[in-house]
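Asker: Sending over model_2.pdb (PDB, C-alpha atoms).
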```
ATOM      1  CA  MET K   1       0.000   0.000   0.000  1.00  0.00           C
ATOM      2  CA  LYS K   2       2.832   2.356   0.788  1.00  0.00           C
ATOM      3  CA  ARG K   3       4.487   1.662  -2.551  1.00  0.00           C
ATOM      4  CA  GLY K   4       1.219   2.296  -4.344  1.00  0.00           C
ATOM      5  CA  ALA K   5       0.749   5.502  -2.469  1.00  0.00           C
ATOM      6  CA  GLU K   6       4.260   6.588  -3.351  1.00  0.00           C
ATOM      7  CA  ASN K   7       3.594   5.995  -7.046  1.00  0.00           C
ATOM      8  CA  VAL K   8       0.566   8.270  -7.011  1.00  0.00           C
ATOM      9  CA  LYS K   9       1.618  11.727  -8.158  1.00  0.00           C
ATOM     10  CA  THR K  10      -0.152  14.675  -6.676  1.00  0.00           C
ATOM     11  CA  THR K  11      -0.906  17.461  -9.107  1.00  0.00           C
ATOM     12  CA  ALA K  12      -0.842  21.078  -7.989  1.00  0.00           C
ATOM     13  CA  PRO K  13      -4.072  23.007  -8.468  1.00  0.00           C
ATOM     14  CA  VAL K  14      -4.132  24.914 -11.726  1.00  0.00           C
ATOM     15  CA  GLU K  15      -4.430  28.639 -11.251  1.00  0.00           C
ATOM     16  CA  VAL K  16      -7.037  30.137 -13.516  1.00  0.00           C
ATOM     17  CA  GLU K  17      -5.894  33.414 -15.023  1.00  0.00           C
ATOM     18  CA  LYS K  18      -8.126  36.250 -13.993  1.00  0.00           C
ATOM     19  CA  ARG K  19      -9.187  38.332 -16.920  1.00  0.00           C
ATOM     20  CA  SER K  20     -10.656  41.760 -16.678  1.00  0.00           C
ATOM     21  CA  PRO K  21     -14.220  42.057 -17.935  1.00  0.00           C
ATOM     22  CA  PRO K  22     -14.671  43.342 -21.488  1.00  0.00           C
ATOM     23  CA  ILE K  23     -14.843  47.101 -21.867  1.00  0.00           C
ATOM     24  CA  ASP K  24     -18.163  48.542 -22.902  1.00  0.00           C
ATOM     25  CA  ILE K  25     -17.827  50.559 -26.113  1.00  0.00           C
ATOM     26  CA  LYS K  26     -19.954  53.429 -24.798  1.00  0.00           C
ATOM     27  CA  ASP K  27     -17.896  53.647 -21.609  1.00  0.00           C
ATOM     28  CA  ALA K  28     -14.703  53.575 -23.667  1.00  0.00           C
ATOM     29  CA  ASP K  29     -15.909  56.459 -25.836  1.00  0.00           C
ATOM     30  CA  GLN K  30     -16.831  58.495 -22.761  1.00  0.00           C
ATOM     31  CA  THR K  31     -13.406  57.825 -21.275  1.00  0.00           C
ATOM     32  CA  ARG K  32     -11.674  58.951 -24.470  1.00  0.00           C
ATOM     33  CA  VAL K  33     -13.701  62.166 -24.574  1.00  0.00           C
ATOM     34  CA  LEU K  34     -12.987  62.863 -20.906  1.00  0.00           C
ATOM     35  CA  CYS K  35      -9.251  62.317 -21.422  1.00  0.00           C
ATOM     36  CA  VAL K  36      -9.093  64.740 -24.348  1.00  0.00           C
ATOM     37  CA  LEU K  37     -11.183  67.347 -22.508  1.00  0.00           C
ATOM     38  CA  LEU K  38      -8.868  67.138 -19.507  1.00  0.00           C
ATOM     39  CA  THR K  39      -5.885  67.980 -21.706  1.00  0.00           C
ATOM     40  CA  LEU K  40      -7.618  70.724 -23.703  1.00  0.00           C
ATOM     41  CA  ASN K  41      -9.958  72.386 -21.204  1.00  0.00           C
ATOM     42  CA  ALA K  42      -8.284  71.646 -17.885  1.00  0.00           C
ATOM     43  CA  VAL K  43      -4.826  72.088 -19.476  1.00  0.00           C
ATOM     44  CA  VAL K  44      -3.205  69.191 -17.639  1.00  0.00           C
ATOM     45  CA  SER K  45      -0.302  67.122 -18.916  1.00  0.00           C
ATOM     46  CA  TYR K  46      -0.846  63.839 -20.722  1.00  0.00           C
ATOM     47  CA  ARG K  47       0.813  61.913 -17.903  1.00  0.00           C
ATOM     48  CA  SER K  48      -1.569  63.469 -15.374  1.00  0.00           C
ATOM     49  CA  VAL K  49      -4.739  62.221 -17.066  1.00  0.00           C
ATOM     50  CA  PRO K  50      -4.502  58.549 -15.918  1.00  0.00           C
ATOM     51  CA  ARG K  51      -3.720  59.720 -12.376  1.00  0.00           C
ATOM     52  CA  ILE K  52      -6.791  61.956 -12.363  1.00  0.00           C
ATOM     53  CA  LEU K  53      -8.957  59.067 -13.550  1.00  0.00           C
ATOM     54  CA  GLU K  54      -7.487  56.846 -10.826  1.00  0.00           C
ATOM     55  CA  LEU K  55      -8.444  59.530  -8.307  1.00  0.00           C
ATOM     56  CA  PHE K  56     -11.995  59.669  -9.679  1.00  0.00           C
ATOM     57  CA  LYS K  57     -12.244  55.892  -9.478  1.00  0.00           C
ATOM     58  CA  SER K  58     -10.981  55.574  -5.905  1.00  0.00           C
ATOM     59  CA  LYS K  59     -12.420  58.691  -4.271  1.00  0.00           C
ATOM     60  CA  THR K  60     -15.701  59.398  -6.073  1.00  0.00           C
ATOM     61  CA  ASN K  61     -18.772  57.576  -7.324  1.00  0.00           C
ATOM     62  CA  TYR K  62     -17.855  58.317 -10.929  1.00  0.00           C
ATOM     63  CA  ALA K  63     -17.759  55.007 -12.784  1.00  0.00           C
ATOM     64  CA  VAL K  64     -14.381  54.618 -14.464  1.00  0.00           C
ATOM     65  CA  SER K  65     -14.098  51.101 -15.819  1.00  0.00           C
ATOM     66  CA  TRP K  66     -10.889  51.661 -17.743  1.00  0.00           C
ATOM     67  CA  ILE K  67      -7.717  53.665 -17.089  1.00  0.00           C
ATOM     68  CA  PRO K  68      -5.869  54.228 -20.387  1.00  0.00           C
ATOM     69  CA  HIS K  69      -2.131  54.780 -20.709  1.00  0.00           C
ATOM     70  CA  PHE K  70      -0.995  58.365 -21.196  1.00  0.00           C
ATOM     71  CA  THR K  71       0.346  57.544 -24.675  1.00  0.00           C
ATOM     72  CA  SER K  72      -3.213  56.703 -25.710  1.00  0.00           C
ATOM     73  CA  VAL K  73      -4.287  60.167 -24.557  1.00  0.00           C
ATOM     74  CA  ILE K  74      -1.575  61.670 -26.764  1.00  0.00           C
ATOM     75  CA  ASN K  75      -2.786  59.690 -29.781  1.00  0.00           C
ATOM     76  CA  TRP K  76      -6.423  60.699 -29.251  1.00  0.00           C
ATOM     77  CA  SER K  77      -5.505  64.372 -28.915  1.00  0.00           C
ATOM     78  CA  LEU K  78      -3.392  64.227 -32.071  1.00  0.00           C
ATOM     79  CA  ARG K  79      -6.227  62.554 -33.969  1.00  0.00           C
ATOM     80  CA  LEU K  80      -8.589  65.314 -32.878  1.00  0.00           C
ATOM     81  CA  GLY K  81      -6.163  67.958 -34.115  1.00  0.00           C
ATOM     82  CA  LEU K  82      -5.680  66.133 -37.406  1.00  0.00           C
ATOM     83  CA  GLY K  83      -9.438  65.876 -37.824  1.00  0.00           C
ATOM     84  CA  CYS K  84      -9.806  69.630 -37.311  1.00  0.00           C
ATOM     85  CA  LEU K  85      -7.086  70.310 -39.902  1.00  0.00           C
ATOM     86  CA  THR K  86      -8.747  68.109 -42.520  1.00  0.00           C
ATOM     87  CA  GLN K  87     -12.023  70.024 -42.092  1.00  0.00           C
ATOM     88  CA  VAL K  88     -10.565  73.489 -42.749  1.00  0.00           C
ATOM     89  CA  GLN K  89     -12.624  75.401 -45.322  1.00  0.00           C
ATOM     90  CA  ALA K  90     -12.818  78.894 -46.772  1.00  0.00           C
ATOM     91  CA  ILE K  91     -14.963  81.411 -44.886  1.00  0.00           C
ATOM     92  CA  THR K  92     -16.822  84.486 -46.095  1.00  0.00           C
ATOM     93  CA  LYS K  93     -15.715  86.806 -43.290  1.00  0.00           C
ATOM     94  CA  PRO K  94     -12.432  88.709 -43.791  1.00  0.00           C
ATOM     95  CA  TRP K  95      -9.514  87.292 -41.855  1.00  0.00           C
ATOM     96  CA  VAL K  96      -5.770  87.621 -41.423  1.00  0.00           C
ATOM     97  CA  ALA K  97      -3.159  84.879 -41.366  1.00  0.00           C
ATOM     98  CA  ILE K  98      -0.477  84.616 -38.689  1.00  0.00           C
ATOM     99  CA  ILE K  99       2.516  82.624 -39.916  1.00  0.00           C
ATOM    100  CA  ASP K 100       5.542  81.427 -37.997  1.00  0.00           C
ATOM    101  CA  HIS K 101       8.059  78.630 -37.715  1.00  0.00           C
ATOM    102  CA  SER K 102       8.455  76.773 -34.455  1.00  0.00           C
ATOM    103  CA  ILE K 103      11.767  76.644 -32.626  1.00  0.00           C
ATOM    104  CA  ASP K 104      14.010  74.041 -34.241  1.00  0.00           C
ATOM    105  CA  ILE K 105      13.750  70.590 -32.665  1.00  0.00           C
ATOM    106  CA  GLY K 106      16.296  68.180 -34.049  1.00  0.00           C
ATOM    107  CA  THR K 107      16.475  68.520 -37.826  1.00  0.00           C
ATOM    108  CA  LYS K 108      12.887  69.568 -38.477  1.00  0.00           C
ATOM    109  CA  LYS K 109      10.835  72.758 -38.433  1.00  0.00           C
ATOM    110  CA  ALA K 110       7.108  73.145 -37.967  1.00  0.00           C
ATOM    111  CA  LEU K 111       5.307  75.768 -40.050  1.00  0.00           C
ATOM    112  CA  VAL K 112       2.118  76.966 -38.352  1.00  0.00           C
ATOM    113  CA  VAL K 113      -0.554  79.088 -40.052  1.00  0.00           C
ATOM    114  CA  LEU K 114      -3.349  80.554 -37.907  1.00  0.00           C
ATOM    115  CA  ARG K 115      -6.552  82.272 -39.010  1.00  0.00           C
ATOM    116  CA  VAL K 116      -7.985  85.187 -37.017  1.00  0.00           C
ATOM    117  CA  GLU K 117     -11.136  86.973 -38.141  1.00  0.00           C
ATOM    118  CA  VAL K 118     -10.869  90.743 -38.501  1.00  0.00           C
ATOM    119  CA  ASP K 119     -14.045  91.225 -36.437  1.00  0.00           C
ATOM    120  CA  THR K 120     -12.400  89.362 -33.581  1.00  0.00           C
ATOM    121  CA  LEU K 121      -9.383  91.666 -33.710  1.00  0.00           C
ATOM    122  CA  SER K 122     -11.529  94.797 -33.595  1.00  0.00           C
ATOM    123  CA  LYS K 123     -13.708  93.485 -30.765  1.00  0.00           C
ATOM    124  CA  ARG K 124     -10.780  92.231 -28.713  1.00  0.00           C
ATOM    125  CA  GLY K 125      -8.905  95.524 -28.796  1.00  0.00           C
ATOM    126  CA  ALA K 126      -5.853  93.766 -27.394  1.00  0.00           C
ATOM    127  CA  ALA K 127      -3.633  90.773 -28.023  1.00  0.00           C
ATOM    128  CA  VAL K 128      -5.504  87.802 -29.449  1.00  0.00           C
ATOM    129  CA  ARG K 129      -6.058  84.720 -27.331  1.00  0.00           C
ATOM    130  CA  LEU K 130      -5.984  81.045 -28.132  1.00  0.00           C
ATOM    131  CA  GLU K 131      -9.760  80.887 -28.564  1.00  0.00           C
ATOM    132  CA  ASP K 132      -9.540  83.637 -31.210  1.00  0.00           C
ATOM    133  CA  CYS K 133      -7.307  81.557 -33.480  1.00  0.00           C
ATOM    134  CA  GLU K 134      -7.963  78.646 -35.803  1.00  0.00           C
ATOM    135  CA  CYS K 135      -5.085  76.506 -37.011  1.00  0.00           C
ATOM    136  CA  ILE K 136      -5.502  76.119 -40.771  1.00  0.00           C
ATOM    137  CA  GLY K 137      -2.072  74.767 -41.655  1.00  0.00           C
ATOM    138  CA  LEU K 138       0.681  72.693 -40.075  1.00  0.00           C
ATOM    139  CA  THR K 139       3.598  71.225 -41.998  1.00  0.00           C
ATOM    140  CA  ILE K 140       6.822  69.587 -40.840  1.00  0.00           C
ATOM    141  CA  SER K 141       9.949  69.893 -42.993  1.00  0.00           C
ATOM    142  CA  GLU K 142      13.633  69.118 -42.689  1.00  0.00           C
ATOM    143  CA  LYS K 143      14.650  71.502 -45.475  1.00  0.00           C
ATOM    144  CA  VAL K 144      12.982  74.913 -45.599  1.00  0.00           C
ATOM    145  CA  THR K 145      13.472  77.348 -48.471  1.00  0.00           C
ATOM    146  CA  GLY K 146      11.433  80.121 -49.998  1.00  0.00           C
ATOM    147  CA  ASP K 147      10.357  77.790 -52.810  1.00  0.00           C
ATOM    148  CA  THR K 148       9.190  75.026 -50.461  1.00  0.00           C
ATOM    149  CA  LEU K 149       7.284  77.554 -48.361  1.00  0.00           C
ATOM    150  CA  TYR K 150       5.598  78.911 -51.488  1.00  0.00           C
ATOM    151  CA  LEU K 151       4.255  75.438 -52.300  1.00  0.00           C
ATOM    152  CA  GLU K 152       3.040  74.961 -48.732  1.00  0.00           C
ATOM    153  CA  PHE K 153       1.285  78.356 -48.721  1.00  0.00           C
ATOM    154  CA  GLU K 154      -0.305  77.513 -52.070  1.00  0.00           C
ATOM    155  CA  GLU K 155      -1.801  74.315 -50.668  1.00  0.00           C
ATOM    156  CA  ILE K 156      -2.931  75.859 -47.368  1.00  0.00           C
ATOM    157  CA  PHE K 157      -4.548  78.980 -48.846  1.00  0.00           C
ATOM    158  CA  ASN K 158      -6.203  77.060 -51.679  1.00  0.00           C
ATOM    159  CA  ARG K 159      -8.037  75.112 -49.003  1.00  0.00           C
ATOM    160  CA  ALA K 160      -8.635  77.869 -46.422  1.00  0.00           C
ATOM    161  CA  GLY K 161      -9.162  80.828 -48.751  1.00  0.00           C
ATOM    162  CA  LYS K 162      -7.243  84.040 -49.310  1.00  0.00           C
ATOM    163  CA  PRO K 163      -6.368  86.139 -46.250  1.00  0.00           C
ATOM    164  CA  LEU K 164      -6.836  89.883 -46.067  1.00  0.00           C
ATOM    165  CA  ALA K 165      -3.266  90.252 -44.794  1.00  0.00           C
ATOM    166  CA  ILE K 166      -0.389  88.126 -43.517  1.00  0.00           C
ATOM    167  CA  ILE K 167       1.307  88.745 -40.172  1.00  0.00           C
ATOM    168  CA  LYS K 168       4.795  87.294 -39.799  1.00  0.00           C
ATOM    169  CA  ASP K 169       8.236  87.923 -38.388  1.00  0.00           C
ATOM    170  CA  ARG K 170      11.198  89.152 -40.422  1.00  0.00           C
ATOM    171  CA  ASP K 171      12.768  85.770 -41.118  1.00  0.00           C
ATOM    172  CA  ALA K 172      14.409  85.918 -44.559  1.00  0.00           C
ATOM    173  CA  THR K 173      13.204  82.492 -45.709  1.00  0.00           C
ATOM    174  CA  LEU K 174       9.668  83.182 -44.536  1.00  0.00           C
ATOM    175  CA  ASN K 175       9.722  86.571 -46.268  1.00  0.00           C
ATOM    176  CA  LYS K 176      10.713  84.974 -49.567  1.00  0.00           C
ATOM    177  CA  GLY K 177       8.052  82.287 -49.379  1.00  0.00           C
ATOM    178  CA  VAL K 178       5.311  84.816 -48.616  1.00  0.00           C
ATOM    179  CA  ARG K 179       6.537  87.122 -51.372  1.00  0.00           C
ATOM    180  CA  LEU K 180       6.555  84.326 -53.959  1.00  0.00           C
ATOM    181  CA  TRP K 181       3.008  83.318 -53.058  1.00  0.00           C
ATOM    182  CA  SER K 182       1.704  86.896 -52.892  1.00  0.00           C
ATOM    183  CA  ASN K 183       3.152  87.760 -56.312  1.00  0.00           C
ATOM    184  CA  GLN K 184       1.117  84.950 -57.871  1.00  0.00           C
ATOM    185  CA  GLN K 185      -2.173  86.492 -56.734  1.00  0.00           C
ATOM    186  CA  GLU K 186      -4.228  88.880 -58.866  1.00  0.00           C
ATOM    187  CA  VAL K 187      -3.937  91.436 -56.084  1.00  0.00           C
ATOM    188  CA  PRO K 188      -0.830  91.018 -53.887  1.00  0.00           C
ATOM    189  CA  VAL K 189      -1.655  90.320 -50.251  1.00  0.00           C
ATOM    190  CA  PRO K 190      -0.182  92.923 -47.867  1.00  0.00           C
ATOM    191  CA  THR K 191       2.180  91.692 -45.175  1.00  0.00           C
ATOM    192  CA  ILE K 192       2.556  93.016 -41.644  1.00  0.00           C
ATOM    193  CA  ASP K 193       5.805  92.465 -39.777  1.00  0.00           C
ATOM    194  CA  ASP K 194       5.420  91.465 -36.156  1.00  0.00           C
ATOM    195  CA  ILE K 195       6.178  94.559 -34.069  1.00  0.00           C
ATOM    196  CA  GLY K 196       8.103  92.612 -31.437  1.00  0.00           C
ATOM    197  CA  HIS K 197      10.514  91.096 -33.950  1.00  0.00           C
ATOM    198  CA  THR K 198      10.814  94.392 -35.827  1.00  0.00           C
ATOM    199  CA  ILE K 199      11.854  96.313 -32.715  1.00  0.00           C
ATOM    200  CA  ALA K 200      14.136  93.496 -31.560  1.00  0.00           C
ATOM    201  CA  THR K 201      15.871  93.420 -34.945  1.00  0.00           C
ATOM    202  CA  ALA K 202      16.368  97.195 -34.873  1.00  0.00           C
ATOM    203  CA  LEU K 203      17.770  97.087 -31.337  1.00  0.00           C
ATOM    204  CA  LYS K 204      20.077  94.227 -32.223  1.00  0.00           C
ATOM    205  CA  ALA K 205      21.445  96.097 -35.243  1.00  0.00           C
ATOM    206  CA  GLN K 206      22.123  99.117 -33.046  1.00  0.00           C
ATOM    207  CA  PHE K 207      23.645  97.421 -29.996  1.00  0.00           C
ATOM    208  CA  GLU K 208      24.986  94.004 -31.046  1.00  0.00           C
ATOM    209  CA  LYS K 209      28.575  95.277 -31.378  1.00  0.00           C
ATOM    210  CA  LEU K 210      28.648  96.597 -27.810  1.00  0.00           C
ATOM    211  CA  ASP K 211      30.274  94.402 -25.172  1.00  0.00           C
ATOM    212  CA  ILE K 212      27.583  95.193 -22.616  1.00  0.00           C
ATOM    213  CA  TYR K 213      24.907  93.946 -25.035  1.00  0.00           C
ATOM    214  CA  LYS K 214      26.833  90.721 -25.652  1.00  0.00           C
ATOM    215  CA  ARG K 215      27.157  90.120 -21.911  1.00  0.00           C
ATOM    216  CA  PHE K 216      23.461  90.869 -21.433  1.00  0.00           C
ATOM    217  CA  THR K 217      22.272  88.390 -24.093  1.00  0.00           C
ATOM    218  CA  ALA K 218      24.713  85.741 -22.835  1.00  0.00           C
ATOM    219  CA  LEU K 219      23.364  86.160 -19.300  1.00  0.00           C
ATOM    220  CA  ILE K 220      19.749  85.904 -20.469  1.00  0.00           C
ATOM    221  CA  SER K 221      20.533  82.814 -22.543  1.00  0.00           C
ATOM    222  CA  HIS K 222      22.253  81.153 -19.578  1.00  0.00           C
ATOM    223  CA  GLY K 223      19.327  81.993 -17.295  1.00  0.00           C
ATOM    224  CA  ALA K 224      16.843  80.518 -19.768  1.00  0.00           C
ATOM    225  CA  LYS K 225      18.785  77.242 -19.891  1.00  0.00           C
ATOM    226  CA  CYS K 226      18.883  77.012 -16.098  1.00  0.00           C
ATOM    227  CA  MET K 227      15.124  77.543 -15.798  1.00  0.00           C
ATOM    228  CA  ARG K 228      14.056  75.349 -18.718  1.00  0.00           C
ATOM    229  CA  GLN K 229      13.233  72.271 -16.615  1.00  0.00           C
ATOM    230  CA  THR K 230      11.935  74.094 -13.538  1.00  0.00           C
ATOM    231  CA  GLU K 231       8.550  75.348 -12.379  1.00  0.00           C
ATOM    232  CA  LEU K 232       9.458  78.783 -13.786  1.00  0.00           C
ATOM    233  CA  ALA K 233       9.922  77.464 -17.325  1.00  0.00           C
ATOM    234  CA  PHE K 234       6.676  79.122 -18.436  1.00  0.00           C
ATOM    235  CA  LEU K 235       8.282  82.553 -18.244  1.00  0.00           C
ATOM    236  CA  LYS K 236       9.153  84.171 -21.542  1.00  0.00           C
ATOM    237  CA  TRP K 237      12.796  84.977 -22.111  1.00  0.00           C
ATOM    238  CA  PHE K 238      15.032  86.357 -24.792  1.00  0.00           C
ATOM    239  CA  ASN K 239      16.484  83.774 -27.116  1.00  0.00           C
ATOM    240  CA  LYS K 240      20.028  83.879 -28.411  1.00  0.00           C
ATOM    241  CA  THR K 241      19.182  86.412 -31.115  1.00  0.00           C
ATOM    242  CA  GLY K 242      17.806  88.877 -28.602  1.00  0.00           C
ATOM    243  CA  HIS K 243      14.176  88.362 -29.721  1.00  0.00           C
ATOM    244  CA  PHE K 244      11.323  87.781 -27.328  1.00  0.00           C
TER
END
```
Do you think you could lay out the structure here as structure tokens?
Answerer:
Amino acid sequence: MKRGAENVKTTAPVEVEKRSPPIDIKDADQTRVLCVLLTLNAVVSYRSVPRILELFKSKTNYAVSWIPHFTSVINWSLRLGLGCLTQVQAITKPWVAIIDHSIDIGTKKALVVLRVEVDTLSKRGAAVRLEDCECIGLTISEKVTGDTLYLEFEEIFNRAGKPLAIIKDRDATLNKGVRLWSNQQEVPVPTIDDIGHTIATALKAQFEKLDIYKRFTALISHGAKCMRQTELAFLKWFNKTGHF
């Protein structure tokens, strides 16, 4: 009997893998909308969104059946922006275009074109706000020339319509691209140089050879680098060229 008992092998109980219940499609859509609204309306970071949902789930009666990863929130927000760009159309009201290149990141530049209605400018009576602007063009390029900008302006303004005027800085490449596009129109579109860049360029031309100016810009540049990853990074500083 002992030998027979020894030959009997005992099997360990099989652990059944616990699977989370399937996600309801309606709940998933509500969660996606809430995540995007938190980033756009509450202006919180992408990484903060899952933490906020965890707080809702643990401390409130709000039913949160699914906590997405922050990278999913990024993708949903980007899809929303792309959807808005694909729906850009011409409007009947007069408007002006604000054009600028983003600060260089790596080897690429981002060209941004905003539309602001003239009525909004007159009613505001001050600097425009984010809600006053509509992004009608966004392109990413590694090589930027006047000719490439002309082609990009041609595509953007063919879709969004012709602006009453174009507001830009005094960048030479941007100036050439705008000039090439404007010269192709029946009536050239007037351009308005950004007052901040215009004054900064004039001041730089007047003072850039002075040692005190060089020390001043070097000090500002060093201070900006020190504050870049701190809680004061939102402050606006001079860049290396002396522009705001």
Asker: Given all atoms listed in the file as the basis, pick out the residue of K:Phe153, K:Val189, K:Val96, K:Thr145 nearest to Lys176 in chain K.
Answerer: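 Using all atoms listed in the file, the shortest distance to Lys176 in chain K belongs to K:Thr145.
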Asker: As an exercise, work out the distance from CA of Arg170 in chain K to CA of Thr92 in chain K in Å and give it to one decimal place.
Answerer: 29.0 Å
Asker: Calculate how many Å separate CA of Ser221 in chain K from CA of Ser102 in chain K, rounding to one decimal.
Answerer: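 Distance reported for this atom pair: 18.0 Å.
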Asker: Here's the selection I'm unsure about, the PyMOL selection byres ((chain K and resi 137-139) around 10); applied to the file above, which residues does it give, as a list in words?
Answerer: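 After applying the PyMOL selection byres ((chain K and resi 137-139) around 10), what remains is Leu82, Leu85, Thr86, Val88, Ile99, His101, Lys109, Ala110, Leu111, Val112, Val113, Leu114, Arg115, Glu134, Cys135, Ile136, Ile140, Ser141, Leu149, Glu152, Phe153, Glu155, Ile156, Phe157, Arg159 and Ala160 of chain K.
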Asker: Compile the contact shell of Val73 in chain K as a list in words: residues with an atom at most 10 Å away, counting all atoms listed in the file, same-chain residues fewer than 4 positions apart removed.
Answerer: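 After dropping sequence-adjacent residues, the list is Thr31, Arg32, Val33, Leu34, Cys35, Val36, Leu38, Thr39, Ser45, Tyr46, Arg47, Val49, Pro50, Pro68, His69, Ser77, Leu78 and Arg79 of chain K.
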Asker: Mind giving me the axis-aligned box for range 211-218 of chain K with 4 Å on every side, centre plus edges in Å to one decimal, as lines of an AutoDock Vina configuration file?
Answerer:
```
center_x = 26.3
center_y = 90.5
center_z = -23.5
size_x = 16.0
size_y = 17.5
size_z = 12.2
```
Asker: I need the output of the PyMOL selection byres ((chain K and resi 66) around 9) for this file as an MDAnalysis selection string; which residues are they?
Answerer: chainID K and resid 23 27:28 31 53 64:65 67:68
Asker: Kindly indicate which residue among K:Trp76, K:Asp100, K:Asn175, K:Thr198 lies nearest to Asp29 in chain K, using all atoms listed in the file for the distances.
Answerer: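 Of the candidates, the smallest distance to Asp29 in chain K is held by K:Trp76.
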Asker: Enter the distance from CA of Thr71 in chain K to CA of Arg51 in chain K, in Å, rounded to one decimal.
Answerer: 13.1 Å
Asker: Restore all heavy atoms in range 120-126 of chain K and list the result as an mmCIF file, keeping the file's coordinate frame.
Answerer:
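Listing of out-v8.cif after writing:
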```
data_model
loop_
_atom_site.group_PDB
_atom_site.id
_atom_site.type_symbol
_atom_site.label_atom_id
_atom_site.label_comp_id
_atom_site.auth_asym_id
_atom_site.auth_seq_id
_atom_site.Cartn_x
_atom_site.Cartn_y
_atom_site.Cartn_z
ATOM 1 N N THR K 120 -12.919 89.754 -34.891
ATOM 2 C CA THR K 120 -12.400 89.362 -33.581
ATOM 3 C C THR K 120 -11.306 90.313 -33.123
ATOM 4 O O THR K 120 -11.239 90.691 -31.948
ATOM 5 C CB THR K 120 -11.855 87.924 -33.641
ATOM 6 O OG1 THR K 120 -12.895 87.040 -34.061
ATOM 7 C CG2 THR K 120 -11.334 87.485 -32.285
ATOM 8 N N LEU K 121 -10.446 90.723 -34.060
ATOM 9 C CA LEU K 121 -9.383 91.666 -33.710
ATOM 10 C C LEU K 121 -9.951 92.998 -33.244
ATOM 11 O O LEU K 121 -9.490 93.579 -32.258
ATOM 12 C CB LEU K 121 -8.466 91.881 -34.917
ATOM 13 C CG LEU K 121 -7.538 90.730 -35.308
ATOM 14 C CD1 LEU K 121 -6.824 91.062 -36.607
ATOM 15 C CD2 LEU K 121 -6.526 90.462 -34.209
ATOM 16 N N SER K 122 -10.958 93.497 -33.951
ATOM 17 C CA SER K 122 -11.529 94.797 -33.595
ATOM 18 C C SER K 122 -12.286 94.735 -32.270
ATOM 19 O O SER K 122 -12.243 95.680 -31.475
ATOM 20 C CB SER K 122 -12.461 95.281 -34.711
ATOM 21 O OG SER K 122 -13.508 94.351 -34.932
ATOM 22 N N LYS K 123 -12.963 93.614 -32.014
ATOM 23 C CA LYS K 123 -13.708 93.485 -30.765
ATOM 24 C C LYS K 123 -12.771 93.266 -29.579
ATOM 25 O O LYS K 123 -13.031 93.750 -28.481
ATOM 26 C CB LYS K 123 -14.696 92.324 -30.862
ATOM 27 C CG LYS K 123 -15.839 92.565 -31.837
ATOM 28 C CD LYS K 123 -16.750 91.350 -31.912
ATOM 29 C CE LYS K 123 -17.876 91.573 -32.912
ATOM 30 N NZ LYS K 123 -18.763 90.387 -33.036
ATOM 31 N N ARG K 124 -11.699 92.527 -29.801
ATOM 32 C CA ARG K 124 -10.780 92.231 -28.713
ATOM 33 C C ARG K 124 -10.081 93.493 -28.240
ATOM 34 O O ARG K 124 -9.963 93.745 -27.045
ATOM 35 C CB ARG K 124 -9.757 91.191 -29.173
ATOM 36 C CG ARG K 124 -8.696 90.845 -28.157
ATOM 37 C CD ARG K 124 -9.253 90.075 -26.996
ATOM 38 N NE ARG K 124 -9.749 88.758 -27.394
ATOM 39 C CZ ARG K 124 -10.404 87.942 -26.590
ATOM 40 N NH1 ARG K 124 -10.683 88.328 -25.353
ATOM 41 N NH2 ARG K 124 -10.821 86.760 -27.009
ATOM 42 N N GLY K 125 -9.581 94.290 -29.169
ATOM 43 C CA GLY K 125 -8.905 95.524 -28.796
ATOM 44 C C GLY K 125 -7.611 95.305 -28.044
ATOM 45 O O GLY K 125 -7.089 96.217 -27.411
ATOM 46 N N ALA K 126 -7.098 94.101 -28.089
ATOM 47 C CA ALA K 126 -5.853 93.766 -27.394
ATOM 48 C C ALA K 126 -5.261 92.543 -28.080
ATOM 49 O O ALA K 126 -5.705 92.161 -29.165
ATOM 50 C CB ALA K 126 -6.118 93.499 -25.908
#
```
